[in-house]
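So the structure is just underneath, and the comments pick up after that.
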Amino acid sequence: MRIDIVTIFPEMVEPVVRCSMLARGQQAGVLQIHTVDLRQFTHDRHRTTDDAPFGGGAGMVMKPEPFFEAVEALREQAGWVPARIVVTTPQGRLFNQRMAVEFAQVPHLILLCGHYEGIDERVCQYLATDEVSIGDYVLTGGELPALVIADAVARLVPGVLGNPESLQQDSFVDGLLAPPQYTRPAEYRGYRVPDVLLSGHHAQIARWRRLQRLLRTRERRPDLWQKVQLTPEDLKLLREAEEG
Ligand code: ADE
């Protein structure tokens with residue numbers, strides 16, 4: 001999988017994609033991440049990437065030409081393999097795990113980072129395949145959102161994670177949050193790890209974890225809880241928990 005991040009601030013993106021699991025995936029040869037300087041695709045002396053909005057108003061709008069030329073050059077480099085071309089914007093669809101799984105299925109992901117008052121709409125309409133927001137808050141630019149998307153996608157690429165079984169335990173894979181986790185020491189400052197986890201009783205541990213996932217999701221994320229398909233076993237666990 002190849003991920004290109006197109007930005008006017010490559011120095012903000014570069015150190016992040018050289019760390020941790022992203023670095024590991026690249027060393028393993030299953031992932032390529034390129035930070036691409038949008039200004040390479042300008043032709044004037046000042047390397048201009050923005051201009052005043054037509055119709056007036058505050059702020060600047062990012063010009064279309066550098067984005068079109070960047071995407072064409074990158075797709076050409078990648079041999080025109082199938083690509084998703086994503087603009088990061090607060091006006092986009094809300095990013096989630098399902099989208100990450102979708103993006104991980106194409107061999108080429110191009111992330112276009114917006115700035116200022118936004119990107120010329122023709123980029124969104126005629127060049128991008130997707131407009132994505134990472135949440136209902138406004139950031140100063142699209143670099144952090146692009147890194148969030150790149151990270152969520154990269155860890156789904158086979159060979160990037162050291163322990164791929166952890167993918168199965170992800171929050172959201174089955175619509176439930178993950179259970180609490182503990183490690184040594186079993187008691188710290190008087191705070192004890194739940195006894196059941198020390199019991200070695202695998203079936204009971206699995207039941208406890210399932211119950212914790214149900215309780216957390218119900219408590220913290222009513223939006224997810226509404227959509228959960230409870231099994232008869234789940235209903236029994238919840239009933240027993242309520243009876244104490
Ligand atoms: N650019 C600024 N804020 C953003 C957000 N929340 N998501 C995606 N891109 C953005």
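Residue numbering restarts at 1 in every chain; chains get A, B, ... in the order shown in the structure tokens, and ligands count up from 1 in that same order.
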Can you check which parts of chain A lie within 10 Å of ligand 1? Per residue, the shortest pair of atoms and distance in Å to one decimal, counting only C-alpha atoms and all ligand atoms, sorted by chain and number, as a Markdown table.
| residue | atom | partner | partner_atom_place_in_ligand_line | distance |
| --- | --- | --- | --- | --- |
| A:Val87 | CA | ligand 1 | 9 (N) | 7.7 |
| A:Thr88 | CA | ligand 1 | 9 (N) | 4.0 |
| A:Thr89 | CA | ligand 1 | 9 (N) | 3.5 |
| A:Pro90 | CA | ligand 1 | 5 (C) | 4.2 |
| A:Gln91 | CA | ligand 1 | 8 (C) | 7.6 |
| A:Gly92 | CA | ligand 1 | 8 (C) | 7.0 |
| A:Arg93 | CA | ligand 1 | 7 (N) | 9.1 |
| A:Leu94 | CA | ligand 1 | 7 (N) | 8.0 |
| A:Phe95 | CA | ligand 1 | 7 (N) | 8.4 |
| A:Leu112 | CA | ligand 1 | 9 (N) | 9.7 |
| A:Cys113 | CA | ligand 1 | 9 (N) | 7.5 |
| A:Gly114 | CA | ligand 1 | 1 (N) | 6.3 |
| A:His115 | CA | ligand 1 | 1 (N) | 7.0 |
| A:Tyr116 | CA | ligand 1 | 2 (C) | 9.0 |
| A:Glu117 | CA | ligand 1 | 2 (C) | 9.3 |
| A:Gly118 | CA | ligand 1 | 1 (N) | 8.3 |
| A:Glu131 | CA | ligand 1 | 8 (C) | 8.4 |
| A:Val132 | CA | ligand 1 | 8 (C) | 5.9 |
| A:Ser133 | CA | ligand 1 | 7 (N) | 3.5 |
| A:Ile134 | CA | ligand 1 | 7 (N) | 4.1 |
| A:Gly135 | CA | ligand 1 | 6 (N) | 4.6 |
| A:Asp136 | CA | ligand 1 | 6 (N) | 5.6 |
| A:Tyr137 | CA | ligand 1 | 6 (N) | 4.9 |
| A:Val138 | CA | ligand 1 | 3 (N) | 3.9 |
| A:Leu139 | CA | ligand 1 | 3 (N) | 3.8 |
| A:Thr140 | CA | ligand 1 | 2 (C) | 5.6 |
| A:Gly141 | CA | ligand 1 | 1 (N) | 4.8 |
| A:Gly142 | CA | ligand 1 | 1 (N) | 4.3 |
| A:Glu143 | CA | ligand 1 | 1 (N) | 7.8 |
| A:Leu144 | CA | ligand 1 | 9 (N) | 7.8 |
| A:Pro145 | CA | ligand 1 | 8 (C) | 5.1 |
| A:Ala146 | CA | ligand 1 | 9 (N) | 7.6 |
| A:Val148 | CA | ligand 1 | 8 (C) | 9.4 |
| A:Ile149 | CA | ligand 1 | 8 (C) | 9.5 |
Practice problem: Could you find all residues in region 113-191 of chain A that DSSP calls strand (DSSP E or B) from the backbone, and write them as a list in words? | Solution: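 For region 113-191 of chain A, the strand (DSSP E or B) set is Cys113, Ile119, Asp130, Glu131, Val132, Ser133, Glu187, Tyr188 and Tyr191 of chain A.
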Residue subset to file, keeping N, CA, C and O atoms, as a PDB file, in the first residue's frame:
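Resulting contents of selection.pdb:
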ATOM      1  N   CYS A 113      -4.179  17.877   2.195  1.00  0.00           N
ATOM      2  CA  CYS A 113      -4.389  18.660   3.421  1.00  0.00           C
ATOM      3  C   CYS A 113      -4.834  20.074   3.080  1.00  0.00           C
ATOM      4  O   CYS A 113      -4.116  20.801   2.389  1.00  0.00           O
ATOM      5  N   ILE A 119     -10.308  24.694   0.422  1.00  0.00           N
ATOM      6  CA  ILE A 119      -9.709  24.371  -0.877  1.00  0.00           C
ATOM      7  C   ILE A 119     -10.739  24.723  -1.940  1.00  0.00           C
ATOM      8  O   ILE A 119     -11.942  24.544  -1.713  1.00  0.00           O
ATOM      9  N   ASP A 130     -13.228  11.550  -2.024  1.00  0.00           N
ATOM     10  CA  ASP A 130     -13.833  11.611  -0.697  1.00  0.00           C
ATOM     11  C   ASP A 130     -13.466  12.927  -0.024  1.00  0.00           C
ATOM     12  O   ASP A 130     -12.348  13.411  -0.199  1.00  0.00           O
ATOM     13  N   GLU A 131     -14.392  13.447   0.775  1.00  0.00           N
ATOM     14  CA  GLU A 131     -14.086  14.552   1.689  1.00  0.00           C
ATOM     15  C   GLU A 131     -14.357  14.024   3.088  1.00  0.00           C
ATOM     16  O   GLU A 131     -15.445  13.510   3.358  1.00  0.00           O
ATOM     17  N   VAL A 132     -13.359  14.146   3.957  1.00  0.00           N
ATOM     18  CA  VAL A 132     -13.446  13.491   5.263  1.00  0.00           C
ATOM     19  C   VAL A 132     -13.108  14.471   6.388  1.00  0.00           C
ATOM     20  O   VAL A 132     -12.137  15.219   6.300  1.00  0.00           O
ATOM     21  N   SER A 133     -13.929  14.442   7.437  1.00  0.00           N
ATOM     22  CA  SER A 133     -13.658  15.188   8.668  1.00  0.00           C
ATOM     23  C   SER A 133     -13.313  14.182   9.755  1.00  0.00           C
ATOM     24  O   SER A 133     -13.862  13.079   9.777  1.00  0.00           O
ATOM     25  N   GLU A 187      -1.325  -5.315  42.614  1.00  0.00           N
ATOM     26  CA  GLU A 187      -1.830  -4.274  43.511  1.00  0.00           C
ATOM     27  C   GLU A 187      -0.863  -3.103  43.479  1.00  0.00           C
ATOM     28  O   GLU A 187       0.351  -3.286  43.584  1.00  0.00           O
ATOM     29  N   TYR A 188      -1.388  -1.890  43.286  1.00  0.00           N
ATOM     30  CA  TYR A 188      -0.546  -0.697  43.235  1.00  0.00           C
ATOM     31  C   TYR A 188      -1.229   0.398  44.032  1.00  0.00           C
ATOM     32  O   TYR A 188      -2.380   0.749  43.745  1.00  0.00           O
ATOM     33  N   TYR A 191      -4.635  -0.134  44.958  1.00  0.00           N
ATOM     34  CA  TYR A 191      -5.608  -0.374  43.876  1.00  0.00           C
ATOM     35  C   TYR A 191      -5.375  -1.759  43.301  1.00  0.00           C
ATOM     36  O   TYR A 191      -4.293  -2.049  42.793  1.00  0.00           O
TER      37      TYR A 191
END
Practice problem: Mind checking which residues fall within 9 Å of Leu215 (chain A), counting only C-alpha atoms, ignoring those fewer than 5 positions away in the same chain, and posting them as an MDAnalysis selection string? | Solution: chainID A and resid 210 220 238
Can I get the selected residues back with N, CA and C atoms, as a CSV table (one decimal), in the first residue's frame?
chain,number,residue,atom,x,y,z
A,210,ARG,N,-16.6,-9.5,28.3
A,210,ARG,CA,-17.7,-9.2,27.4
A,210,ARG,C,-18.7,-8.2,28.2
A,220,ARG,N,-21.0,4.9,28.0
A,220,ARG,CA,-20.2,6.0,27.4
A,220,ARG,C,-20.7,6.4,26.0
A,238,LEU,N,-26.0,-9.1,31.4
A,238,LEU,CA,-26.5,-7.8,31.9
A,238,LEU,C,-27.5,-8.0,33.0
Quiz item: How far is it from CA of Phe41 (chain A) to CA of Ala150 (chain A), in Å with one decimal?
Solution: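 According to the coordinates, CA of Phe41 (chain A) and CA of Ala150 (chain A) are separated by 22.2 Å.
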Self-check item: Residue contacts of region 60-76 of chain A (9 Å, only C-alpha atoms) excluding same-chain residues fewer than 6 positions away, as a PyMOL selection string
Solution: chain A and resi 4+6+36-43+48-53+82-83+85+108+110+112+114-123+127
Go ahead and save the picked residues with C-alpha atoms, as an mmCIF file, in the first residue's frame.
data_model
loop_
_atom_site.group_PDB
_atom_site.id
_atom_site.type_symbol
_atom_site.label_atom_id
_atom_site.label_comp_id
_atom_site.auth_asym_id
_atom_site.auth_seq_id
_atom_site.Cartn_x
_atom_site.Cartn_y
_atom_site.Cartn_z
ATOM 1 C CA ASP A 4 0.848 10.096 -0.167
ATOM 2 C CA VAL A 6 0.159 16.344 0.108
ATOM 3 C CA VAL A 36 4.676 15.565 -0.718
ATOM 4 C CA ASP A 37 5.310 19.322 -0.705
ATOM 5 C CA LEU A 38 2.415 20.989 -2.530
ATOM 6 C CA ARG A 39 4.687 23.915 -3.459
ATOM 7 C CA GLN A 40 6.614 21.616 -5.812
ATOM 8 C CA PHE A 41 3.572 21.884 -8.047
ATOM 9 C CA THR A 42 3.470 25.673 -8.268
ATOM 10 C CA HIS A 43 5.076 27.571 -11.149
ATOM 11 C CA THR A 48 1.767 30.544 -4.388
ATOM 12 C CA THR A 49 -0.763 27.980 -3.180
ATOM 13 C CA ASP A 50 -3.632 30.289 -2.164
ATOM 14 C CA ASP A 51 -5.582 33.282 -3.379
ATOM 15 C CA ALA A 52 -8.488 35.534 -2.338
ATOM 16 C CA PRO A 53 -11.982 34.041 -2.551
ATOM 17 C CA PRO A 82 -6.779 2.283 -8.148
ATOM 18 C CA ALA A 83 -6.687 5.216 -5.720
ATOM 19 C CA ILE A 85 -8.137 10.768 -3.160
ATOM 20 C CA HIS A 108 -3.000 3.986 -3.302
ATOM 21 C CA ILE A 110 -3.699 10.249 -1.500
ATOM 22 C CA LEU A 112 -4.822 16.331 0.428
ATOM 23 C CA GLY A 114 -6.499 21.810 3.384
ATOM 24 C CA HIS A 115 -5.660 25.164 4.993
ATOM 25 C CA TYR A 116 -6.991 28.699 5.395
ATOM 26 C CA GLU A 117 -10.694 29.007 4.549
ATOM 27 C CA GLY A 118 -10.576 25.819 2.515
ATOM 28 C CA ILE A 119 -9.709 24.371 -0.877
ATOM 29 C CA ASP A 120 -11.178 25.484 -4.214
ATOM 30 C CA GLU A 121 -14.379 23.462 -4.539
ATOM 31 C CA ARG A 122 -13.316 22.078 -7.940
ATOM 32 C CA VAL A 123 -10.667 19.989 -6.152
ATOM 33 C CA LEU A 127 -10.424 15.512 -8.263
#
